[in-house]
Amino acid sequence: LLADVQDRMGCVALHEVMTTNRKDVAEFLLVKVGASLDVKELDSNATPREMSVRCGDKNPGTNSVVNKFIVDKEKQKRKDERFCEYCQKRPDTKLLICSGCHISTYCNVECQRAHWKTHKVICKANKEKGIKLEAAGPIGMTTLIKEEFRSVVDEYRGGYCKPQGVSVNEKFWIKVHAPRDNRPLLFNDENGTCGFYVGPGARGYAEIMAKVREEETFHGLKSYFRASFDENGDCTIFLQSSSIKHW
């Protein structure tokens with residue numbers, strides 16, 4: 001592919017686009033041409049995918065195009081890999097996901113019911129187990145947090161509390177931002193009414209960090225999980241619900 005031919009510095013067209021805010025060019029190269037996000041530059045070994053993560057704050061337009069492309073491609077890949085646990089078919093329609101284990105998928109309610117006798121033992125073993133957090137602080141409390149996640153801190157002003165419109169023990173989706181080193185994890189809901197961080201050594205930090213790192217779509221820097229707040233105001237994160245995108 002001509003768009004992936006490297007110049008003498010090892011750069012391709014997408015390397016140049018990642019340093020600008022030309023979202024129209026990024027969309028053309030990715031969607032129309034099919035350029036690769038994983039060609040390494042000679043000097044730094046940086047790929048356009050990595051540059052998108054690093055330059056996201058400076059070039060939000062380009063970054064949004066790259067993020068959408070990556071997420072859409074990954075969603076389609078995961079959709080193609082799924083099949084009905086009962087009849088083994090891969091229907092064109094969206095598969096139902098077991099609400100107990102959040103792993104097994106089915107064509108419809110009939111297939112799910114027919115498979116229950118076989119599935120219930122596995123479902124019980126894999127049932128969602130949450131991690132209750134502790135020592136969580138609101139976004140923006142430290143200079144360290146502001147430097148690592150400046151764009152998120154500016155946008156989200158919520159605290160360590162359930163989001164507006166969400167009931168006690170009701171599950172909702174929360175995004176987790178992970179730093180490149182062992183610094184605090186940052187959490188926020190879709191509307192910005194819930195936003196907090198969890199530092200190294202606190203309960204749940206190591207497990208959540210490890211799960212986020214497993215998500216290679218965004219280089220292990222972010223992921224989405226289901227969460228809930230109980231009557232005491234404590235948040236529980238459900239790691240098995242890990243996903244690449246939920247808003």
# chains A, B, ... in the order shown; residues from 1 in each chain; ligands from 1
$ residues_around --residues "Tyr205 (chain A)" --least-positions-apart "2" --cutoff "10 Å" --atoms "only C-alpha atoms" --output "list of chain:residue names"
A:Ile131, A:Leu133, A:Glu134, A:Asn182, A:Arg183, A:Pro184, A:Leu185, A:Tyr197, A:Val198, A:Gly199, A:Pro200, A:Gly201, A:Ala202, A:Arg203, A:Glu207, A:Ile208, A:Met209, A:Ala210
$ closest_atom_pairs --of "region 38-67 of chain A" --to "region 215-237 of chain A" --cutoff "10 Å" --atoms "only C-alpha atoms" --output "CSV"
residue,atom,partner,partner_atom,distance
A:Arg49,CA,A:Phe218,CA,8.3
A:Glu50,CA,A:His219,CA,7.7
A:Ser52,CA,A:Phe218,CA,9.7
A:Val53,CA,A:Phe218,CA,7.7
A:Asn67,CA,A:Phe218,CA,8.4
$ write_last_selection --atoms "N, CA and C atoms" --output "PDB file, in the first residue's frame"
ATOM      1  N   ARG A  49      -0.426   4.804  15.873  1.00  0.00           N
ATOM      2  CA  ARG A  49      -1.354   4.460  16.955  1.00  0.00           C
ATOM      3  C   ARG A  49      -0.859   5.041  18.286  1.00  0.00           C
ATOM      4  N   GLU A  50       0.432   4.860  18.558  1.00  0.00           N
ATOM      5  CA  GLU A  50       1.016   5.388  19.795  1.00  0.00           C
ATOM      6  C   GLU A  50       1.029   6.911  19.804  1.00  0.00           C
ATOM      7  N   SER A  52      -1.064   8.847  18.378  1.00  0.00           N
ATOM      8  CA  SER A  52      -2.428   9.320  18.599  1.00  0.00           C
ATOM      9  C   SER A  52      -2.732   9.431  20.075  1.00  0.00           C
ATOM     10  N   VAL A  53      -2.247   8.453  20.851  1.00  0.00           N
ATOM     11  CA  VAL A  53      -2.460   8.475  22.298  1.00  0.00           C
ATOM     12  C   VAL A  53      -1.701   9.638  22.926  1.00  0.00           C
ATOM     13  N   ASN A  67      -9.498   7.115  17.251  1.00  0.00           N
ATOM     14  CA  ASN A  67     -10.188   6.336  18.290  1.00  0.00           C
ATOM     15  C   ASN A  67     -11.412   5.634  17.730  1.00  0.00           C
TER      16      ASN A  67
END
$ select_by_dssp --residues "region 43-234 of chain A" --states "helix (DSSP H, G or I)" --output "PyMOL selection string"
chain A and resi 48-54+60-81+109-126+143-148+150-155+205-214+216-218
$ write_last_selection --atoms "C-alpha atoms" --output "PDB file, in the first residue's frame"
ATOM      1  CA  PRO A  48       0.788   6.352  14.416  1.00  0.00           C
ATOM      2  CA  ARG A  49      -1.354   4.460  16.955  1.00  0.00           C
ATOM      3  CA  GLU A  50       1.016   5.388  19.795  1.00  0.00           C
ATOM      4  CA  MET A  51       1.341   8.969  18.562  1.00  0.00           C
ATOM      5  CA  SER A  52      -2.428   9.320  18.599  1.00  0.00           C
ATOM      6  CA  VAL A  53      -2.460   8.475  22.298  1.00  0.00           C
ATOM      7  CA  ARG A  54       0.402  10.883  23.078  1.00  0.00           C
ATOM      8  CA  PRO A  60      -8.436  16.202  19.534  1.00  0.00           C
ATOM      9  CA  GLY A  61      -9.937  16.111  16.039  1.00  0.00           C
ATOM     10  CA  THR A  62      -7.384  13.684  14.647  1.00  0.00           C
ATOM     11  CA  ASN A  63      -7.429  11.669  17.853  1.00  0.00           C
ATOM     12  CA  SER A  64     -11.229  11.282  17.726  1.00  0.00           C
ATOM     13  CA  VAL A  65     -11.035   9.921  14.165  1.00  0.00           C
ATOM     14  CA  VAL A  66      -8.329   7.415  15.135  1.00  0.00           C
ATOM     15  CA  ASN A  67     -10.188   6.336  18.290  1.00  0.00           C
ATOM     16  CA  LYS A  68     -13.422   5.772  16.370  1.00  0.00           C
ATOM     17  CA  PHE A  69     -11.611   3.789  13.686  1.00  0.00           C
ATOM     18  CA  ILE A  70      -9.844   1.597  16.265  1.00  0.00           C
ATOM     19  CA  VAL A  71     -12.997   0.982  18.305  1.00  0.00           C
ATOM     20  CA  ASP A  72     -15.193   0.229  15.266  1.00  0.00           C
ATOM     21  CA  LYS A  73     -12.629  -2.209  13.902  1.00  0.00           C
ATOM     22  CA  GLU A  74     -12.178  -3.954  17.248  1.00  0.00           C
ATOM     23  CA  LYS A  75     -15.937  -4.161  17.832  1.00  0.00           C
ATOM     24  CA  GLN A  76     -16.430  -5.766  14.427  1.00  0.00           C
ATOM     25  CA  LYS A  77     -13.607  -8.235  15.113  1.00  0.00           C
ATOM     26  CA  ARG A  78     -15.099  -9.250  18.465  1.00  0.00           C
ATOM     27  CA  LYS A  79     -18.563  -9.466  16.931  1.00  0.00           C
ATOM     28  CA  ASP A  80     -17.265 -11.799  14.217  1.00  0.00           C
ATOM     29  CA  GLU A  81     -15.661 -14.024  16.857  1.00  0.00           C
ATOM     30  CA  VAL A 109     -33.976 -16.227  24.724  1.00  0.00           C
ATOM     31  CA  GLU A 110     -35.002 -19.680  23.467  1.00  0.00           C
ATOM     32  CA  CYS A 111     -31.374 -20.740  22.918  1.00  0.00           C
ATOM     33  CA  GLN A 112     -30.389 -19.321  26.294  1.00  0.00           C
ATOM     34  CA  ARG A 113     -33.129 -21.260  28.092  1.00  0.00           C
ATOM     35  CA  ALA A 114     -32.297 -24.466  26.238  1.00  0.00           C
ATOM     36  CA  HIS A 115     -28.643 -24.169  27.267  1.00  0.00           C
ATOM     37  CA  TRP A 116     -29.268 -23.236  30.912  1.00  0.00           C
ATOM     38  CA  LYS A 117     -28.908 -26.748  32.373  1.00  0.00           C
ATOM     39  CA  THR A 118     -25.435 -26.986  30.868  1.00  0.00           C
ATOM     40  CA  HIS A 119     -24.472 -23.385  31.422  1.00  0.00           C
ATOM     41  CA  LYS A 120     -25.600 -22.825  35.010  1.00  0.00           C
ATOM     42  CA  VAL A 121     -22.563 -24.527  36.577  1.00  0.00           C
ATOM     43  CA  ILE A 122     -20.135 -22.470  34.468  1.00  0.00           C
ATOM     44  CA  CYS A 123     -22.216 -19.346  35.008  1.00  0.00           C
ATOM     45  CA  LYS A 124     -22.053 -19.688  38.771  1.00  0.00           C
ATOM     46  CA  ALA A 125     -18.289 -20.182  38.684  1.00  0.00           C
ATOM     47  CA  ASN A 126     -17.769 -17.162  36.441  1.00  0.00           C
ATOM     48  CA  THR A 143      -0.958  18.431  40.742  1.00  0.00           C
ATOM     49  CA  LEU A 144       0.132  14.884  39.848  1.00  0.00           C
ATOM     50  CA  ILE A 145      -3.362  13.969  38.691  1.00  0.00           C
ATOM     51  CA  LYS A 146      -3.747  17.204  36.735  1.00  0.00           C
ATOM     52  CA  GLU A 147      -0.477  16.681  34.881  1.00  0.00           C
ATOM     53  CA  GLU A 148      -1.187  13.057  33.953  1.00  0.00           C
ATOM     54  CA  ARG A 150      -5.187  17.220  32.270  1.00  0.00           C
ATOM     55  CA  SER A 151      -7.892  16.911  29.582  1.00  0.00           C
ATOM     56  CA  VAL A 152     -10.026  14.603  31.751  1.00  0.00           C
ATOM     57  CA  VAL A 153      -9.620  16.696  34.913  1.00  0.00           C
ATOM     58  CA  ASP A 154     -10.766  19.817  33.058  1.00  0.00           C
ATOM     59  CA  GLU A 155     -13.864  18.069  31.725  1.00  0.00           C
ATOM     60  CA  TYR A 205      -5.670  -0.666  42.371  1.00  0.00           C
ATOM     61  CA  ALA A 206      -3.468  -3.592  41.317  1.00  0.00           C
ATOM     62  CA  GLU A 207      -6.339  -5.730  39.972  1.00  0.00           C
ATOM     63  CA  ILE A 208      -7.915  -2.904  37.965  1.00  0.00           C
ATOM     64  CA  MET A 209      -4.557  -1.739  36.608  1.00  0.00           C
ATOM     65  CA  ALA A 210      -3.774  -5.293  35.452  1.00  0.00           C
ATOM     66  CA  LYS A 211      -7.150  -5.589  33.714  1.00  0.00           C
ATOM     67  CA  VAL A 212      -6.752  -2.248  31.930  1.00  0.00           C
ATOM     68  CA  ARG A 213      -3.272  -3.247  30.776  1.00  0.00           C
ATOM     69  CA  GLU A 214      -4.776  -6.368  29.158  1.00  0.00           C
ATOM     70  CA  GLU A 216      -4.441  -3.712  23.892  1.00  0.00           C
ATOM     71  CA  THR A 217      -6.810  -1.630  21.773  1.00  0.00           C
ATOM     72  CA  PHE A 218      -5.612   1.540  23.492  1.00  0.00           C
TER      73      PHE A 218
END
$ residues_around --residues "Arg82 (chain A)" --least-positions-apart "3" --cutoff "10 Å" --atoms "only C-alpha atoms" --output "ChimeraX atom specification"
/A:77-79,85,88-91,94-95,104-106
$ closest_residue --among "A:Asp4, A:Asn169, A:Asp24, A:Cys84" --to "Thr47 (chain A)" --atoms "only C-alpha atoms"
A:Asp4
$ select_by_dssp --residues "region 18-224 of chain A" --states "strand (DSSP E)" --output "list in words"
Leu96, Ile97, Thr105, Tyr106, Gly130, Ile131, Lys132, Ala136, Gly137, Pro138, Phe172, Trp173, Ile174, Lys175, Val176, His177, Leu185, Leu186, Phe187, Asn188, Asp189, Gly195, Phe196, Tyr197, Val198, Lys222, Ser223 and Tyr224 of chain A
$ residues_around --residues "region 32-36 of chain A" --least-positions-apart "6" --cutoff "8 Å" --atoms "only C-alpha atoms" --output "JSON, numbers by chain"
{"A": [1, 3, 4, 14]}
$ closest_residue --among "A:Pro179, A:Asn191, A:Glu41, A:Val12" --to "Gly165 (chain A)" --atoms "only C-alpha atoms"
A:Asn191
$ closest_residue --among "A:Val166, A:Met18, A:Ile174, A:Leu42" --to "Ser241 (chain A)" --atoms "only C-alpha atoms"
A:Ile174
$ decode --residues "region 61-86 of chain A" --atoms "N, CA, C and O atoms" --output "mmCIF file, in the first residue's frame"
data_model
loop_
_atom_site.group_PDB
_atom_site.id
_atom_site.type_symbol
_atom_site.label_atom_id
_atom_site.label_comp_id
_atom_site.auth_asym_id
_atom_site.auth_seq_id
_atom_site.Cartn_x
_atom_site.Cartn_y
_atom_site.Cartn_z
ATOM 1 N N GLY A 61 -9.198 16.517 17.239
ATOM 2 C CA GLY A 61 -9.937 16.111 16.039
ATOM 3 C C GLY A 61 -9.372 14.849 15.424
ATOM 4 O O GLY A 61 -10.093 13.881 15.153
ATOM 5 N N THR A 62 -8.058 14.864 15.198
ATOM 6 C CA THR A 62 -7.384 13.684 14.647
ATOM 7 C C THR A 62 -7.529 12.489 15.578
ATOM 8 O O THR A 62 -7.793 11.366 15.139
ATOM 9 N N ASN A 63 -7.349 12.747 16.869
ATOM 10 C CA ASN A 63 -7.429 11.669 17.853
ATOM 11 C C ASN A 63 -8.813 11.024 17.862
ATOM 12 O O ASN A 63 -8.940 9.807 18.003
ATOM 13 N N SER A 64 -9.863 11.822 17.725
ATOM 14 C CA SER A 64 -11.229 11.282 17.726
ATOM 15 C C SER A 64 -11.468 10.376 16.521
ATOM 16 O O SER A 64 -12.144 9.348 16.628
ATOM 17 N N VAL A 65 -10.896 10.746 15.366
ATOM 18 C CA VAL A 65 -11.035 9.921 14.165
ATOM 19 C C VAL A 65 -10.329 8.579 14.361
ATOM 20 O O VAL A 65 -10.873 7.520 14.047
ATOM 21 N N VAL A 66 -9.106 8.640 14.911
ATOM 22 C CA VAL A 66 -8.329 7.415 15.135
ATOM 23 C C VAL A 66 -9.020 6.517 16.161
ATOM 24 O O VAL A 66 -9.145 5.311 15.966
ATOM 25 N N ASN A 67 -9.498 7.115 17.251
ATOM 26 C CA ASN A 67 -10.188 6.336 18.290
ATOM 27 C C ASN A 67 -11.412 5.634 17.730
ATOM 28 O O ASN A 67 -11.652 4.452 18.006
ATOM 29 N N LYS A 68 -12.207 6.357 16.951
ATOM 30 C CA LYS A 68 -13.422 5.772 16.370
ATOM 31 C C LYS A 68 -13.064 4.628 15.425
ATOM 32 O O LYS A 68 -13.706 3.572 15.439
ATOM 33 N N PHE A 69 -12.039 4.830 14.627
ATOM 34 C CA PHE A 69 -11.611 3.789 13.686
ATOM 35 C C PHE A 69 -11.164 2.532 14.437
ATOM 36 O O PHE A 69 -11.548 1.410 14.099
ATOM 37 N N ILE A 70 -10.361 2.724 15.478
ATOM 38 C CA ILE A 70 -9.844 1.597 16.265
ATOM 39 C C ILE A 70 -10.979 0.849 16.948
ATOM 40 O O ILE A 70 -11.061 -0.379 16.905
ATOM 41 N N VAL A 71 -11.891 1.600 17.574
ATOM 42 C CA VAL A 71 -12.997 0.982 18.305
ATOM 43 C C VAL A 71 -13.935 0.249 17.357
ATOM 44 O O VAL A 71 -14.345 -0.894 17.625
ATOM 45 N N ASP A 72 -14.287 0.872 16.224
ATOM 46 C CA ASP A 72 -15.193 0.229 15.266
ATOM 47 C C ASP A 72 -14.595 -1.061 14.723
ATOM 48 O O ASP A 72 -15.284 -2.078 14.580
ATOM 49 N N LYS A 73 -13.297 -1.026 14.438
ATOM 50 C CA LYS A 73 -12.629 -2.209 13.902
ATOM 51 C C LYS A 73 -12.573 -3.329 14.937
ATOM 52 O O LYS A 73 -12.804 -4.499 14.628
ATOM 53 N N GLU A 74 -12.263 -2.957 16.179
ATOM 54 C CA GLU A 74 -12.178 -3.954 17.248
ATOM 55 C C GLU A 74 -13.548 -4.534 17.580
ATOM 56 O O GLU A 74 -13.692 -5.735 17.824
ATOM 57 N N LYS A 75 -14.569 -3.680 17.575
ATOM 58 C CA LYS A 75 -15.937 -4.161 17.832
ATOM 59 C C LYS A 75 -16.365 -5.163 16.772
ATOM 60 O O LYS A 75 -16.984 -6.192 17.085
ATOM 61 N N GLN A 76 -16.059 -4.861 15.512
ATOM 62 C CA GLN A 76 -16.430 -5.766 14.427
ATOM 63 C C GLN A 76 -15.693 -7.086 14.556
ATOM 64 O O GLN A 76 -16.263 -8.167 14.351
ATOM 65 N N LYS A 77 -14.405 -7.026 14.932
ATOM 66 C CA LYS A 77 -13.607 -8.235 15.113
ATOM 67 C C LYS A 77 -14.199 -9.110 16.208
ATOM 68 O O LYS A 77 -14.353 -10.322 16.051
ATOM 69 N N ARG A 78 -14.543 -8.486 17.344
ATOM 70 C CA ARG A 78 -15.099 -9.250 18.465
ATOM 71 C C ARG A 78 -16.486 -9.787 18.136
ATOM 72 O O ARG A 78 -16.862 -10.873 18.564
ATOM 73 N N LYS A 79 -17.233 -9.011 17.353
ATOM 74 C CA LYS A 79 -18.563 -9.466 16.931
ATOM 75 C C LYS A 79 -18.434 -10.693 16.039
ATOM 76 O O LYS A 79 -19.195 -11.661 16.171
ATOM 77 N N ASP A 80 -17.470 -10.674 15.134
ATOM 78 C CA ASP A 80 -17.265 -11.799 14.217
ATOM 79 C C ASP A 80 -16.817 -13.060 14.954
ATOM 80 O O ASP A 80 -17.040 -14.169 14.477
ATOM 81 N N GLU A 81 -16.164 -12.878 16.096
ATOM 82 C CA GLU A 81 -15.661 -14.024 16.857
ATOM 83 C C GLU A 81 -16.727 -14.656 17.748
ATOM 84 O O GLU A 81 -16.550 -15.775 18.237
ATOM 85 N N ARG A 82 -17.828 -13.951 17.964
ATOM 86 C CA ARG A 82 -18.862 -14.464 18.868
ATOM 87 C C ARG A 82 -19.814 -15.425 18.154
ATOM 88 O O ARG A 82 -20.059 -15.306 16.954
ATOM 89 N N PHE A 83 -20.354 -16.358 18.931
ATOM 90 C CA PHE A 83 -21.320 -17.307 18.390
ATOM 91 C C PHE A 83 -22.262 -17.731 19.501
ATOM 92 O O PHE A 83 -22.004 -17.500 20.685
ATOM 93 N N CYS A 84 -23.358 -18.348 19.138
ATOM 94 C CA CYS A 84 -24.344 -18.808 20.110
ATOM 95 C C CYS A 84 -23.818 -20.055 20.815
ATOM 96 O O CYS A 84 -23.434 -21.031 20.162
ATOM 97 N N GLU A 85 -23.801 -20.018 22.136
ATOM 98 C CA GLU A 85 -23.276 -21.143 22.923
ATOM 99 C C GLU A 85 -24.112 -22.417 22.740
ATOM 100 O O GLU A 85 -23.616 -23.521 22.909
ATOM 101 N N TYR A 86 -25.387 -22.239 22.373
ATOM 102 C CA TYR A 86 -26.269 -23.399 22.269
ATOM 103 C C TYR A 86 -26.257 -24.012 20.865
ATOM 104 O O TYR A 86 -25.924 -25.183 20.692
#
